[in-house]
$ cat upload.txt   # compact mmCIF, C-alpha atoms
# COMPACT_ATOMS: atom_id res chain seq x y z
CA MET A 96 118.11 86.93 97.59
CA LYS A 97 118.12 87.12 93.80
CA LEU A 98 115.21 86.69 91.40
CA GLY A 99 116.79 86.38 88.00
CA SER A 100 118.87 89.55 87.75
CA ILE A 101 116.91 91.31 90.51
CA ASP A 102 118.67 91.81 93.83
CA ILE A 103 116.31 91.71 96.81
CA THR A 104 118.34 93.53 99.43
CA LYS A 105 115.92 93.64 102.38
CA ARG A 106 114.62 90.83 104.55
CA ALA A 107 110.79 90.97 104.68
CA ALA A 108 108.30 91.40 101.84
CA LEU A 109 104.63 92.35 101.78
CA ALA A 110 102.25 89.52 100.94
CA PRO A 111 99.67 89.94 98.17
CA MET A 112 96.35 90.34 100.01
CA ALA A 113 93.13 90.69 98.05
CA GLY A 114 91.04 93.68 99.07
CA VAL A 115 93.82 95.01 101.29
CA ALA A 116 97.19 95.38 99.57
CA ASP A 117 96.18 98.08 97.09
CA ARG A 118 98.60 100.54 95.53
CA ALA A 119 98.37 102.95 98.46
CA PHE A 120 99.11 100.33 101.11
CA ARG A 121 101.88 98.82 99.02
CA ARG A 122 103.62 102.18 98.72
CA ILE A 123 103.29 102.85 102.45
CA CYS A 124 104.84 99.45 103.20
CA ALA A 125 107.63 100.06 100.69
CA ASP A 126 108.31 103.42 102.36
CA HIS A 127 108.67 101.54 105.64
CA GLY A 128 111.19 99.03 104.29
CA ALA A 129 109.28 96.19 102.62
CA ALA A 130 111.71 94.18 100.49
CA PHE A 131 109.18 94.02 97.66
CA THR A 132 105.44 94.27 97.05
CA VAL A 133 102.98 92.17 95.06
CA SER A 134 99.68 93.24 93.55
CA GLU A 135 96.32 91.95 94.67
CA MET A 136 95.58 88.73 92.79
CA VAL A 137 94.26 89.16 89.26
CA SER A 138 92.03 86.64 87.47
CA ALA A 139 93.76 85.41 84.33
CA LYS A 140 90.38 84.61 82.78
CA ALA A 141 88.89 88.03 83.52
CA LEU A 142 92.04 89.78 82.34
CA SER A 143 92.03 87.85 79.06
CA MET A 144 88.41 88.93 78.54
CA GLY A 145 89.30 92.61 78.92
CA ASP A 146 87.83 93.13 82.39
CA ARG A 147 88.42 96.73 83.46
CA LYS A 148 88.75 96.04 87.18
CA SER A 149 91.42 93.41 86.55
CA GLY A 150 93.38 95.98 84.59
CA GLU A 151 93.13 98.43 87.47
CA LEU A 152 94.35 95.82 89.97
CA MET A 153 97.52 95.42 87.91
CA GLU A 154 98.49 99.09 88.03
CA LEU A 155 101.88 99.40 89.71
CA ASP A 156 103.72 102.14 91.56
CA ASP A 157 107.35 102.75 90.66
CA ARG A 158 107.94 103.94 94.24
CA ALA A 159 106.98 100.48 95.53
CA ARG A 160 109.54 98.54 93.45
CA PRO A 161 110.70 95.90 93.16
CA THR A 162 107.14 94.77 92.56
CA ALA A 163 105.24 91.91 90.97
CA ILE A 164 101.79 91.13 89.60
CA GLN A 165 100.04 88.06 90.95
CA LEU A 166 97.81 86.02 88.63
CA PHE A 167 95.42 83.17 89.37
CA GLY A 168 93.76 80.66 87.10
CA ASP A 169 93.71 76.98 86.23
CA ASP A 170 94.32 76.88 82.48
CA PRO A 171 97.94 77.04 81.29
CA ASP A 172 97.12 78.77 77.98
CA THR A 173 94.90 81.38 79.65
CA MET A 174 97.55 82.00 82.27
CA ALA A 175 100.20 82.46 79.57
CA ASN A 176 97.99 84.93 77.71
CA ALA A 177 97.27 86.83 80.92
CA ALA A 178 100.98 86.93 81.66
CA LEU A 179 101.60 88.66 78.34
CA LEU A 180 98.90 91.21 79.11
CA ALA A 181 100.30 91.78 82.59
CA MET A 182 103.69 92.64 81.12
CA LYS A 183 102.23 95.89 79.78
CA GLN A 184 102.52 97.16 83.37
CA GLN A 185 106.24 96.32 83.41
CA PRO A 186 106.31 94.24 86.60
CA ASP A 187 109.70 93.09 87.83
CA TRP A 188 108.34 89.54 87.88
CA LEU A 189 105.06 87.61 87.89
CA ASP A 190 103.69 85.56 90.77
CA ILE A 191 101.22 82.67 90.43
CA ASN A 192 98.67 82.13 93.17
CA MET A 193 98.37 78.47 94.15
CA GLY A 194 97.54 79.15 97.78
CA CYS A 195 94.36 81.22 98.11
CA PRO A 196 91.91 79.32 100.38
CA ALA A 197 88.83 81.50 99.70
CA PRO A 198 85.86 79.37 98.57
CA LYS A 199 85.18 81.54 95.53
CA ILE A 200 88.75 80.92 94.35
CA ALA A 201 89.57 77.40 95.55
CA GLY A 202 86.02 76.32 94.80
CA ASN A 203 86.56 77.22 91.17
CA HIS A 204 89.63 75.01 90.73
CA CYS A 205 92.05 77.90 91.31
CA GLY A 206 94.28 79.01 94.17
CA SER A 207 94.99 76.28 96.71
CA SER A 208 92.79 73.82 94.78
CA LEU A 209 95.60 73.52 92.23
CA MET A 210 97.77 71.80 94.83
CA ARG A 211 95.68 68.68 94.33
CA GLU A 212 97.19 68.41 90.85
CA PRO A 213 100.97 68.89 90.94
CA GLU A 214 101.29 68.05 87.25
CA LEU A 215 98.87 70.87 86.38
CA CYS A 216 100.89 73.20 88.61
CA HIS A 217 103.96 72.26 86.59
CA ARG A 218 102.20 72.96 83.28
CA ILE A 219 100.88 76.33 84.43
CA VAL A 220 104.31 77.49 85.60
CA LYS A 221 105.95 76.22 82.43
CA ALA A 222 103.39 78.01 80.23
CA VAL A 223 103.80 81.33 82.05
CA CYS A 224 107.60 81.06 82.06
CA GLY A 225 107.52 80.38 78.33
CA ALA A 226 105.38 83.45 77.67
CA VAL A 227 107.43 86.12 79.45
CA ASP A 228 111.06 87.06 79.91
CA VAL A 229 110.84 88.04 83.59
CA PRO A 230 111.14 85.68 86.58
CA VAL A 231 108.03 83.75 87.62
CA THR A 232 107.40 82.87 91.25
CA VAL A 233 104.71 80.76 92.91
CA LYS A 234 102.85 81.04 96.21
CA ILE A 235 101.60 77.77 97.70
CA ARG A 236 100.30 76.40 101.00
CA LYS A 237 101.19 73.44 103.16
CA GLY A 238 98.60 71.45 101.24
CA TYR A 239 94.92 71.31 100.43
CA ALA A 240 93.81 69.59 103.64
CA LYS A 241 95.33 67.98 106.71
CA ASP A 242 95.40 64.61 104.95
CA GLU A 243 96.68 66.16 101.70
CA VAL A 244 99.97 67.77 102.76
CA ASN A 245 102.09 67.91 99.59
CA ALA A 246 103.90 71.25 99.58
CA VAL A 247 107.22 69.56 98.79
CA GLU A 248 105.78 67.71 95.78
CA VAL A 249 104.10 70.84 94.45
CA ALA A 250 107.21 72.94 95.02
CA LEU A 251 109.32 70.46 93.07
CA ALA A 252 106.75 70.46 90.26
CA CYS A 253 106.83 74.25 90.11
CA GLU A 254 110.62 74.35 90.21
CA SER A 255 110.82 71.92 87.30
CA GLY A 256 108.38 74.14 85.42
CA GLY A 257 110.78 77.07 85.75
CA ALA A 258 109.75 78.86 88.95
CA ALA A 259 112.42 81.28 90.16
CA ALA A 260 111.26 81.19 93.80
CA ILE A 261 108.52 79.63 95.89
CA THR A 262 106.59 81.16 98.78
CA VAL A 263 105.18 78.69 101.29
CA HIS A 264 102.36 79.55 103.70
CA GLY A 265 102.50 77.07 106.55
CA ARG A 266 98.80 76.19 106.64
CA THR A 267 96.51 73.95 104.63
CA ARG A 268 93.58 75.29 102.63
CA ASP A 269 91.02 74.10 105.19
CA GLN A 270 92.87 75.90 108.00
CA MET A 271 92.36 79.23 106.23
CA TYR A 272 94.26 81.54 108.62
CA ALA A 273 93.51 79.76 111.90
CA PRO A 274 96.35 78.56 114.13
CA PRO A 275 98.59 76.74 114.33
CA VAL A 276 100.97 77.57 111.51
CA ASP A 277 103.49 74.88 110.52
CA TRP A 278 106.96 76.28 109.91
CA ASP A 279 108.37 72.75 109.58
CA ILE A 280 106.82 72.41 106.12
CA ILE A 281 108.62 75.57 104.99
CA ARG A 282 111.90 74.01 106.14
CA GLU A 283 111.07 70.81 104.25
CA VAL A 284 110.44 72.73 101.03
CA LYS A 285 113.64 74.72 101.52
CA ARG A 286 115.63 71.51 101.82
CA ALA A 287 113.95 69.97 98.76
CA VAL A 288 114.37 72.69 96.13
CA SER A 289 117.31 74.68 94.86
CA VAL A 290 115.45 77.95 94.14
CA PRO A 291 114.89 80.55 96.89
CA VAL A 292 112.10 79.81 99.36
CA ILE A 293 110.08 82.56 101.03
CA GLY A 294 108.49 81.74 104.40
CA ASN A 295 105.00 83.02 105.20
CA GLY A 296 102.70 82.69 108.18
CA ASP A 297 102.22 84.33 111.59
CA VAL A 298 104.98 86.92 111.45
CA THR A 299 103.69 89.80 113.57
CA THR A 300 106.90 90.96 115.26
CA ALA A 301 110.56 91.34 114.42
CA GLU A 302 111.31 88.44 116.75
CA ASP A 303 108.86 86.26 114.81
CA ALA A 304 110.74 87.02 111.60
CA ALA A 305 114.04 86.05 113.21
CA ARG A 306 112.57 82.79 114.51
CA LEU A 307 111.13 81.94 111.11
CA TYR A 308 114.50 82.49 109.46
CA GLU A 309 116.26 80.37 112.08
CA HIS A 310 113.69 77.57 112.09
CA THR A 311 113.31 77.16 108.34
CA GLY A 312 116.51 78.46 106.73
CA CYS A 313 114.29 80.36 104.28
CA ASP A 314 115.71 83.04 102.01
CA LEU A 315 113.15 85.72 102.79
CA VAL A 316 110.17 86.31 105.07
CA MET A 317 106.77 87.39 103.76
CA VAL A 318 104.45 89.37 106.02
CA GLY A 319 100.71 89.52 105.46
CA ARG A 320 98.19 90.22 108.21
CA GLY A 321 100.96 91.25 110.61
CA ALA A 322 101.46 94.43 108.58
CA LEU A 323 97.81 95.49 108.67
CA GLY A 324 97.70 98.74 110.60
CA ALA A 325 101.44 98.34 111.25
CA PRO A 326 103.50 98.96 108.07
CA TRP A 327 106.47 99.96 110.26
CA LEU A 328 106.87 96.26 111.03
CA PHE A 329 109.15 96.03 108.00
CA SER A 330 111.57 98.61 109.37
CA GLN A 331 111.42 96.88 112.76
CA ILE A 332 112.37 93.58 111.13
CA GLU A 333 115.24 95.21 109.24
CA ALA A 334 116.62 96.83 112.39
CA TYR A 335 116.37 93.63 114.42
CA LEU A 336 117.86 91.28 111.84
CA ASN A 337 120.63 93.64 110.75
CA GLU A 338 121.55 95.34 114.03
CA GLY A 339 119.83 93.40 116.81
CA THR A 340 117.85 96.52 117.65
CA LEU A 341 114.23 96.24 118.77
CA LEU A 342 112.52 99.43 117.61
CA PRO A 343 109.61 100.48 119.83
CA GLU A 344 106.02 100.56 118.68
CA PRO A 345 105.18 104.07 117.43
CA PRO A 346 102.84 106.27 119.47
CA LEU A 347 99.23 106.71 118.38
CA ALA A 348 99.90 110.12 116.84
CA HIS A 349 102.46 108.63 114.47
CA ARG A 350 100.18 105.71 113.62
CA LEU A 351 97.36 108.06 112.70
CA GLU A 352 99.70 110.22 110.65
CA VAL A 353 100.64 107.16 108.59
CA LEU A 354 96.97 106.17 108.28
CA CYS A 355 96.03 109.61 106.96
CA ARG A 356 98.93 109.53 104.50
CA GLN A 357 97.82 106.11 103.24
CA VAL A 358 94.18 107.16 102.84
CA ALA A 359 95.10 110.45 101.16
CA LEU A 360 97.15 108.49 98.64
CA ALA A 361 94.26 106.08 98.08
CA VAL A 362 91.94 109.06 97.46
CA GLU A 363 94.39 110.35 94.88
CA LEU A 364 94.46 106.96 93.15
CA LYS A 365 90.81 105.86 93.27
CA GLY A 366 88.69 108.78 94.45
CA GLU A 367 87.34 109.73 97.87
CA ARG A 368 84.23 107.53 97.94
CA SER A 369 85.96 104.27 97.11
CA ALA A 370 89.08 105.06 99.13
CA LEU A 371 87.16 105.95 102.30
CA LEU A 372 84.96 102.86 102.13
CA GLU A 373 88.12 100.74 102.04
CA ALA A 374 89.78 102.93 104.68
CA ARG A 375 87.24 101.84 107.30
CA LYS A 376 88.94 98.49 107.87
CA HIS A 377 92.42 100.00 107.70
CA ALA A 378 91.48 102.61 110.33
CA SER A 379 90.25 99.84 112.64
CA TRP A 380 93.58 98.04 112.28
CA TYR A 381 95.61 101.17 113.01
CA LEU A 382 93.59 101.73 116.20
CA ARG A 383 94.10 98.25 117.67
CA GLY A 384 95.32 98.14 121.24
CA PHE A 385 94.51 101.71 122.21
CA ARG A 386 92.09 103.03 124.81
CA GLY A 387 88.55 103.24 123.50
CA ALA A 388 89.40 101.10 120.49
CA ALA A 389 86.01 99.36 120.39
CA ILE A 390 84.09 102.65 120.22
CA LEU A 391 86.59 104.14 117.80
CA ARG A 392 86.27 101.11 115.50
CA GLY A 393 82.54 101.70 115.44
CA GLU A 394 83.19 105.28 114.38
CA ALA A 395 85.69 104.08 111.79
CA GLY A 396 82.99 101.88 110.27
CA SER A 397 81.05 104.93 109.10
CA ILE A 398 83.73 107.28 107.77
CA SER A 399 82.96 108.54 104.26
CA THR A 400 85.13 111.63 103.81
CA MET A 401 88.59 112.82 104.73
CA ASP A 402 86.94 115.16 107.25
CA ASP A 403 85.35 112.11 108.89
CA LEU A 404 88.77 110.50 109.10
CA ARG A 405 90.31 113.60 110.64
CA ARG A 406 87.53 113.70 113.26
CA LEU A 407 88.15 110.05 114.05
CA CYS A 408 91.85 110.77 114.56
CA TYR A 409 91.01 113.72 116.82
CA HIS A 410 88.71 111.56 118.96
CA ALA A 411 91.34 108.81 119.17
CA LEU A 412 94.07 111.21 120.28
CA LYS A 413 91.78 112.87 122.80
CA GLU A 414 90.67 109.51 124.24
CA ASN A 415 94.32 108.51 124.67
CA GLU A 416 95.39 111.89 126.03
CA GLU A 417 97.81 112.61 123.20
CA LEU A 418 96.35 116.04 122.41

$ encode --input "upload.txt" --output "structure tokens"
Amino acid sequence: MKLGSIDITKRAALAPMAGVADRAFRRICADHGAAFTVSEMVSAKALSMGDRKSGELMELDDRARPTAIQLFGDDPDTMANAALLAMKQQPDWLDINMGCPAPKIAGNHCGSSLMREPELCHRIVKAVCGAVDVPVTVKIRKGYAKDEVNAVEVALACESGGAAAITVHGRTRDQMYAPPVDWDIIREVKRAVSVPVIGNGDVTTAEDAARLYEHTGCDLVMVGRGALGAPWLFSQIEAYLNEGTLLPEPPLAHRLEVLCRQVALAVELKGERSALLEARKHASWYLRGFRGAAILRGEAGSISTMDDLRRLCYHALKENEEL
């Protein structure tokens, strides 16, 4: 797949996930074969007002390229101004969030709420494209609600505004992340537009990725929650799609080694206190499916230092007889 002059050579990308896909996790996923990474979503309004946290969210890692910054907002001029500010971080492209279902986002006329106004979607994309000289992509959903399914209309509006690619999550806003996911709508968007379409929703295995490609004809697969605690999923997808090889799930020792590497990197980037608070949920994800997971997740919920994390790993390995 190409985005402007950028060649995307791999088959599955990491989705932008607020509160999860920080710089450390993005680098770990890139190390495991993610086609590209995207920042956590950044408020165009807050960024334009000089908000420090928004600036931090935009910080990129050259070792996780190609990489993009995702912006959200509902005013074309503010979005264009934020796009200019985002370019100081030298992203390979910019992504516009028109799919977030969270009440604090959609309830403020942003994210998936924008899908109720295709003409506004068009104006936002056109304003951002006119402000920067890198590709601009858009992430949308199936629609706002079950009786407001308009992904094709919104995709066409974004394409006419200049979007270089469109990611489609196969659920409506009111579904949040609950099943079922609708891959048919991704196929409909793919058939309607001429720009690349990225399929998103319920890819948790390499076989899922293959089925999504076959069912929709999409140009790339985007993985979100399926990669939580399992960044090696990207290398599994690459091996399966390119060689037909199903790589096995890694043993617990390897999983915990990757977890510790991710958390150590987060400590380096944001300090031990903040990194370990956020590591609690990541540790729980890495421990899924192993003996004693419920008790270990309880222990993970109180880690505050790297020593705490190392003790957790020791207990997990001992419980699963890998010591």

$ residues_around --input "upload.txt" --residues "Leu180 (chain A)" --least-positions-apart "4" --cutoff "8 Å" --atoms "only C-alpha atoms" --output "ChimeraX atom specification"
/A:142-143,176

$ residues_around --input "upload.txt" --residues "region 241-258 of chain A" --least-positions-apart "5" --cutoff "6 Å" --atoms "all atoms listed in the file" --output "PyMOL selection string"
chain A and resi 213+217+220-221+231-232+284

$ atom_distance --input "upload.txt" --atom1 "CA of Ala334 (chain A)" --atom2 "CA of Ile123 (chain A)"
17.7 Å

$ atom_distance --input "upload.txt" --atom1 "CA of Ala201 (chain A)" --atom2 "CA of Ala240 (chain A)"
12.0 Å

$ closest_residue --input "upload.txt" --among "A:Ala129, A:Ile390, A:Ala110, A:Leu179" --to "Cys195 (chain A)" --atoms "only C-alpha atoms"
A:Ala110

$ residues_around --input "upload.txt" --residues "Glu309 (chain A)" --least-positions-apart "6" --cutoff "12 Å" --atoms "only C-alpha atoms" --output "list in words"
Trp278, Asp279, Ile281, Arg282, Gly294, Glu302, Asp303, Leu315, Val316 and Leu336 of chain A

$ write_last_selection --input "upload.txt" --atoms "C-alpha atoms" --output "mmCIF file, in the coordinates of the input"
data_model
loop_
_atom_site.group_PDB
_atom_site.id
_atom_site.type_symbol
_atom_site.label_atom_id
_atom_site.label_comp_id
_atom_site.auth_asym_id
_atom_site.auth_seq_id
_atom_site.Cartn_x
_atom_site.Cartn_y
_atom_site.Cartn_z
ATOM 1 C CA TRP A 278 106.960 76.280 109.910
ATOM 2 C CA ASP A 279 108.370 72.750 109.580
ATOM 3 C CA ILE A 281 108.620 75.570 104.990
ATOM 4 C CA ARG A 282 111.900 74.010 106.140
ATOM 5 C CA GLY A 294 108.490 81.740 104.400
ATOM 6 C CA GLU A 302 111.310 88.440 116.750
ATOM 7 C CA ASP A 303 108.860 86.260 114.810
ATOM 8 C CA LEU A 315 113.150 85.720 102.790
ATOM 9 C CA VAL A 316 110.170 86.310 105.070
ATOM 10 C CA LEU A 336 117.860 91.280 111.840
#

$ atom_distance --input "upload.txt" --atom1 "CA of Thr267 (chain A)" --atom2 "CA of Val233 (chain A)"
15.8 Å

$ residues_around --input "upload.txt" --residues "region 381-386 of chain A" --least-positions-apart "3" --cutoff "12 Å" --atoms "all atoms listed in the file" --output "PyMOL selection string"
chain A and resi 321-327+344-355+357-358+374-378+389-395+407-408+410-417

$ closest_residue --input "upload.txt" --among "A:Pro343, A:Gly168, A:Gly194, A:Gly202" --to "Val223 (chain A)" --atoms "only C-alpha atoms"
A:Gly168

$ closest_residue --input "upload.txt" --among "A:Ala139, A:Ala222, A:Leu342, A:Ala159" --to "Thr300 (chain A)" --atoms "all atoms listed in the file"
A:Leu342

$ closest_residue --input "upload.txt" --among "A:His127, A:Glu283, A:Val276, A:Ile235" --to "Asp297 (chain A)" --atoms "only C-alpha atoms"
A:Val276

$ build_atoms --input "upload.txt" --residues "region 122-133 of chain A" --atoms "N, CA and C atoms" --output "PDB file, in the frame of the given file"
ATOM      1  N   ARG A 122     102.604 101.122  98.676  1.00  0.00           N
ATOM      2  CA  ARG A 122     103.620 102.180  98.720  1.00  0.00           C
ATOM      3  C   ARG A 122     103.999 102.509 100.168  1.00  0.00           C
ATOM      4  N   ILE A 123     103.000 102.557 101.041  1.00  0.00           N
ATOM      5  CA  ILE A 123     103.290 102.850 102.450  1.00  0.00           C
ATOM      6  C   ILE A 123     104.227 101.785 103.027  1.00  0.00           C
ATOM      7  N   CYS A 124     103.971 100.529 102.697  1.00  0.00           N
ATOM      8  CA  CYS A 124     104.840  99.450 103.200  1.00  0.00           C
ATOM      9  C   CYS A 124     106.240  99.538 102.599  1.00  0.00           C
ATOM     10  N   ALA A 125     106.321  99.875 101.312  1.00  0.00           N
ATOM     11  CA  ALA A 125     107.630 100.060 100.690  1.00  0.00           C
ATOM     12  C   ALA A 125     108.382 101.209 101.351  1.00  0.00           C
ATOM     13  N   ASP A 126     107.674 102.286 101.673  1.00  0.00           N
ATOM     14  CA  ASP A 126     108.310 103.420 102.360  1.00  0.00           C
ATOM     15  C   ASP A 126     108.850 103.017 103.723  1.00  0.00           C
ATOM     16  N   HIS A 127     108.243 101.995 104.310  1.00  0.00           N
ATOM     17  CA  HIS A 127     108.670 101.540 105.640  1.00  0.00           C
ATOM     18  C   HIS A 127     109.618 100.337 105.570  1.00  0.00           C
ATOM     19  N   GLY A 128     110.120 100.025 104.377  1.00  0.00           N
ATOM     20  CA  GLY A 128     111.190  99.030 104.290  1.00  0.00           C
ATOM     21  C   GLY A 128     110.819  97.660 103.775  1.00  0.00           C
ATOM     22  N   ALA A 129     109.615  97.502 103.198  1.00  0.00           N
ATOM     23  CA  ALA A 129     109.280  96.190 102.620  1.00  0.00           C
ATOM     24  C   ALA A 129     110.256  95.854 101.503  1.00  0.00           C
ATOM     25  N   ALA A 130     110.722  94.605 101.487  1.00  0.00           N
ATOM     26  CA  ALA A 130     111.710  94.180 100.490  1.00  0.00           C
ATOM     27  C   ALA A 130     111.158  94.237  99.079  1.00  0.00           C
ATOM     28  N   PHE A 131     109.886  93.871  98.938  1.00  0.00           N
ATOM     29  CA  PHE A 131     109.180  94.020  97.660  1.00  0.00           C
ATOM     30  C   PHE A 131     107.689  93.975  97.939  1.00  0.00           C
ATOM     31  N   THR A 132     106.898  94.302  96.931  1.00  0.00           N
ATOM     32  CA  THR A 132     105.440  94.270  97.050  1.00  0.00           C
ATOM     33  C   THR A 132     104.875  93.467  95.884  1.00  0.00           C
ATOM     34  N   VAL A 133     103.662  92.960  96.084  1.00  0.00           N
ATOM     35  CA  VAL A 133     102.980  92.170  95.060  1.00  0.00           C
ATOM     36  C   VAL A 133     101.547  92.659  94.962  1.00  0.00           C
TER      37      VAL A 133
END
